[in-house]
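Scroll down for the structure; my scribbles are underneath it.
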Amino acid sequence: MRRLSEESLRIAINLEQRYSAWLDITRERESMPTSMFFTKKGTSEYLTVKNGDRSTTIGARSPETEKTLAEYTGRRDLLDQSLRDIGAAMGEIIAQYKALRLPTLPTKIAKILRELDIAGNLGVELVVVGTNAFPAYELACGIRMPEDPTEDFDLAWCRTEGVADGSPLMRALKKADSSFRINKSKPYQALDSMGYEVEMLVAPSLFKTLSKSEVFSSMAVFPEQEWLLLGRQIRSVVVSSDGKPCPLVVPDPRYMALLKIWLSKKPERNPLKVAKDRRQGESLLLATANSLQSSHPIDIDFVLGLPEELMPVFNEWAASNAFIPAAGYDMR
């Protein structure tokens, strides 16, 4: 692992701020009608509001409907100009980000995550797990970890209250690429026309928050997904391969790290993933212990609250790294 420079961290912070502004404006812009105009019917004109393929009329031409159209047009034009301005500013930051070789994610993943974020689902109903979560941890910890590229894309369901509206993930997938469909042999997985895989994992305790119309379903139950609901999520913004912002919300790094190490010891784990799991888990736990003492401390309270299955995993790691929870850790 190597530490990121102060300049790198400054660029990452600036990117997150610009993206946040872009997100707010994009959400407002997408909440507006697609278009608004007067349509002549017979001898009268009516104000027509179009949303996607649907059109409705909301009144005959009058001072009130003319004002409604003027307000809509003015606000739309202002938001569009703001998006262009923020896009240009964000483009300069992204160029610096790429020049510093900061962590990136594939274009397809970024497109899906932006759609989830615009819809307000990222971090509320879905978080990124697995290898694709690690760029967020790198920026949070201010370090670069060994790269372990992967083709798969896993998300975990994280809605803890209420019931979801439909299938948030499939809505985002369809907006990113209309060819996505559920894999009938693996109904927890969606495939696009090129065979790209996106999987949704659900902790047993959260089945109750899924909509009855949810199109993803689990064939197997993985109790270990419960661990990723613990602690405090991390939100970050990285850059995609095509030079666009990519929002990330990921589980608490302490539990992700311990889960990765635990998976490396799981007898039925794919042997090809064991070494990567252990390397990622140990690297992340070291980085978290060193860099996130304030937000994600690995202290006595944390250790005593660990799930029973993770206690021996932590004890083994602590012993091999001479780590004492009460004293913290200084990575050299």
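How things are named: the first chain in the structure tokens is A, the next is B, and so on; residues count from 1 in each chain; ligands count from 1 in the order shown.
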Quick one: everything within 8 Å of Val215 in chain A, counting only C-alpha atoms, minus sequence neighbours fewer than 5 positions away in the same chain. Send it as number ranges by chain.
A: 167, 170, 182, 187
Run DSSP on the backbone and grab whatever in range 258-321 of chain A lands in helix (DSSP H, G or I); send it over as an MDAnalysis selection string.
chainID A and resid 258:265 271:291 300:304 308:320
Could the residues of range 111-168 of chain A that have an atom at most 12 Å from range 18-23 of chain A be listed as a tab-separated table, each with its closest atom pair and the distance in Å to one decimal, counting only C-alpha atoms and ordered by chain and ascending residue number?
```
residue	atom	partner	partner_atom	distance
A:Arg114	CA	A:Leu23	CA	8.9
A:Glu115	CA	A:Leu23	CA	10.4
A:Leu116	CA	A:Leu23	CA	11.2
A:Asp117	CA	A:Leu23	CA	7.9
A:Ile118	CA	A:Leu23	CA	6.5
A:Ala119	CA	A:Leu23	CA	10.0
A:Gly120	CA	A:Leu23	CA	10.0
```
With N, CA and C atoms retained, write the just-selected residues as a PDB file, in the first residue's frame.
```pdb
ATOM      1  N   ARG A 114     -24.761   5.974 -11.084  1.00  0.00           N
ATOM      2  CA  ARG A 114     -25.329   7.322 -11.219  1.00  0.00           C
ATOM      3  C   ARG A 114     -26.850   7.268 -11.280  1.00  0.00           C
ATOM      4  N   GLU A 115     -27.386   6.295 -12.006  1.00  0.00           N
ATOM      5  CA  GLU A 115     -28.842   6.168 -12.085  1.00  0.00           C
ATOM      6  C   GLU A 115     -29.438   5.871 -10.712  1.00  0.00           C
ATOM      7  N   LEU A 116     -28.787   4.995  -9.954  1.00  0.00           N
ATOM      8  CA  LEU A 116     -29.266   4.690  -8.603  1.00  0.00           C
ATOM      9  C   LEU A 116     -29.206   5.918  -7.702  1.00  0.00           C
ATOM     10  N   ASP A 117     -28.163   6.716  -7.861  1.00  0.00           N
ATOM     11  CA  ASP A 117     -27.980   7.887  -7.018  1.00  0.00           C
ATOM     12  C   ASP A 117     -28.999   8.971  -7.365  1.00  0.00           C
ATOM     13  N   ILE A 118     -29.226   9.192  -8.640  1.00  0.00           N
ATOM     14  CA  ILE A 118     -30.209  10.189  -9.064  1.00  0.00           C
ATOM     15  C   ILE A 118     -31.594   9.827  -8.526  1.00  0.00           C
ATOM     16  N   ALA A 119     -31.904   8.534  -8.534  1.00  0.00           N
ATOM     17  CA  ALA A 119     -33.207   8.073  -8.047  1.00  0.00           C
ATOM     18  C   ALA A 119     -33.292   8.059  -6.520  1.00  0.00           C
ATOM     19  N   GLY A 120     -32.176   8.290  -5.833  1.00  0.00           N
ATOM     20  CA  GLY A 120     -32.182   8.301  -4.373  1.00  0.00           C
ATOM     21  C   GLY A 120     -32.112   6.925  -3.739  1.00  0.00           C
TER      22      GLY A 120
END
```
What's around Val163 in chain A at 12 Å? Count only C-alpha atoms, leave out sequence neighbours fewer than 4 positions away in its own chain, and write the answer as a PyMOL selection string.
chain A and resi 124-125+157-159+167-168+206-214
Per DSSP on the backbone, filter range 91-147 of chain A down to the residues in strand (DSSP E or B) and report them as an NGL selection string.
:A and (104-105 or 122 or 126-129 or 143-144)
Skipping near chain neighbours, those fewer than 3 positions away, what residues fall within 10 Å of Thr56 in chain A using only C-alpha atoms, listed as a list of chain:residue names?
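Near neighbours after the sequence-gap exclusion: A:Met36, A:Tyr46, A:Leu47, A:Thr48, A:Val49, A:Lys50, A:Asn51, A:Gly59.
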With C-alpha atoms retained, export the selected residues as a PDB file, in the first residue's frame.
```pdb
ATOM      1  CA  MET A  36     -44.399  22.075 -21.966  1.00  0.00           C
ATOM      2  CA  TYR A  46     -54.279  24.501 -24.350  1.00  0.00           C
ATOM      3  CA  LEU A  47     -51.147  24.182 -22.263  1.00  0.00           C
ATOM      4  CA  THR A  48     -49.789  20.685 -22.790  1.00  0.00           C
ATOM      5  CA  VAL A  49     -47.440  18.995 -20.340  1.00  0.00           C
ATOM      6  CA  LYS A  50     -45.408  16.063 -21.609  1.00  0.00           C
ATOM      7  CA  ASN A  51     -43.785  13.465 -19.345  1.00  0.00           C
ATOM      8  CA  GLY A  59     -55.875  24.514 -19.127  1.00  0.00           C
TER       9      GLY A  59
END
```
Using only C-alpha atoms, which residues of range 154-238 of chain A come within 12 Å of range 308-324 of chain A, and what is the closest atom pair for each, with the distance in Å to one decimal? Give it as a tab-separated table, sorted by chain and residue number.
```
residue	atom	partner	partner_atom	distance
A:Pro223	CA	A:Glu309	CA	10.9
A:Glu224	CA	A:Glu309	CA	9.1
A:Glu226	CA	A:Glu309	CA	11.8
A:Trp227	CA	A:Leu310	CA	9.2
```
Write the residues of the preceding selection, restricted to C-alpha atoms, as a PDB file, in the first residue's frame.
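Written output follows (result_6.pdb):
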```
ATOM      1  CA  PRO A 223     -26.333 -14.982   6.739  1.00  0.00           C
ATOM      2  CA  GLU A 224     -22.930 -13.263   6.477  1.00  0.00           C
ATOM      3  CA  GLU A 226     -26.029  -9.332   7.878  1.00  0.00           C
ATOM      4  CA  TRP A 227     -22.539  -8.201   8.913  1.00  0.00           C
TER       5      TRP A 227
END
```
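As for CA of Arg278 in chain A and CA of Cys246 in chain A, they are spaced 26.3 Å apart.
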Pick from A:Thr57, A:Ser241, A:Ser218, A:Ser291: nearest to Tyr97 in chain A, with only C-alpha atoms counted?
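Ranking A:Thr57, A:Ser241, A:Ser218, A:Ser291 by distance to Tyr97 in chain A, first place goes to A:Ser241.
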Skipping near chain neighbours, those fewer than 5 positions away, what residues fall within 9 Å of Glu199 in chain A using only C-alpha atoms, listed as a PDB file with C-alpha atoms, in the first residue's frame?
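File part_14.pdb, as written:
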```
ATOM      1  CA  ASP A 152     -18.639  -9.015 -11.767  1.00  0.00           C
ATOM      2  CA  PHE A 153     -20.652  -6.305 -10.049  1.00  0.00           C
ATOM      3  CA  ASP A 154     -22.321  -7.056  -6.712  1.00  0.00           C
ATOM      4  CA  LEU A 155     -24.718  -4.879  -4.762  1.00  0.00           C
ATOM      5  CA  ALA A 156     -26.218  -5.600  -1.361  1.00  0.00           C
ATOM      6  CA  PRO A 187     -32.701 -15.031 -10.354  1.00  0.00           C
ATOM      7  CA  TYR A 188     -30.478 -12.950  -8.056  1.00  0.00           C
ATOM      8  CA  GLN A 189     -28.520 -11.950 -11.186  1.00  0.00           C
ATOM      9  CA  ALA A 190     -29.243  -9.688 -14.167  1.00  0.00           C
ATOM     10  CA  LEU A 191     -27.509  -9.947 -17.538  1.00  0.00           C
ATOM     11  CA  PHE A 216     -34.571 -10.145  -8.189  1.00  0.00           C
TER      12      PHE A 216
END
```
Separation of CA of Ala133 in chain A from CA of Lys108 in chain A in Å
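Separation of CA of Lys108 in chain A and CA of Ala133 in chain A: 14.7 Å.
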Excluding Leu79 in chain A and its own-chain neighbours fewer than 2 positions away, which residues fall within 9 Å of it when counting only C-alpha atoms? Please give them as a ChimeraX atom specification.
/A:25-26,28-29,74-77,81-84
Would you mind exporting C-alpha atoms of the selected residues as a compact mmCIF listing (two decimals), in the first residue's frame?
```
# COMPACT_ATOMS: atom_id res chain seq x y z
CA ILE A 25 -29.57 19.95 -10.03
CA THR A 26 -29.95 16.73 -12.00
CA GLU A 28 -34.57 18.67 -9.92
CA ARG A 29 -34.21 18.68 -13.70
CA GLY A 74 -37.05 29.85 -17.27
CA ARG A 75 -36.32 27.27 -14.62
CA ARG A 76 -35.51 24.58 -17.20
CA ASP A 77 -33.06 26.85 -19.03
CA GLN A 81 -27.05 26.10 -17.98
CA SER A 82 -26.04 25.20 -14.43
CA LEU A 83 -25.48 21.59 -15.50
CA ARG A 84 -23.26 22.77 -18.34
```
Within 8 Å of Leu15 in chain A using only C-alpha atoms, minus same-chain residues under 6 positions, as a ChimeraX atom specification
/A:90,93-94,237-238,245
d(CA of Tyr137 in chain A, CA of Ile11 in chain A) in Å
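So the two atoms, CA of Tyr137 in chain A and CA of Ile11 in chain A, lie 15.8 Å apart.
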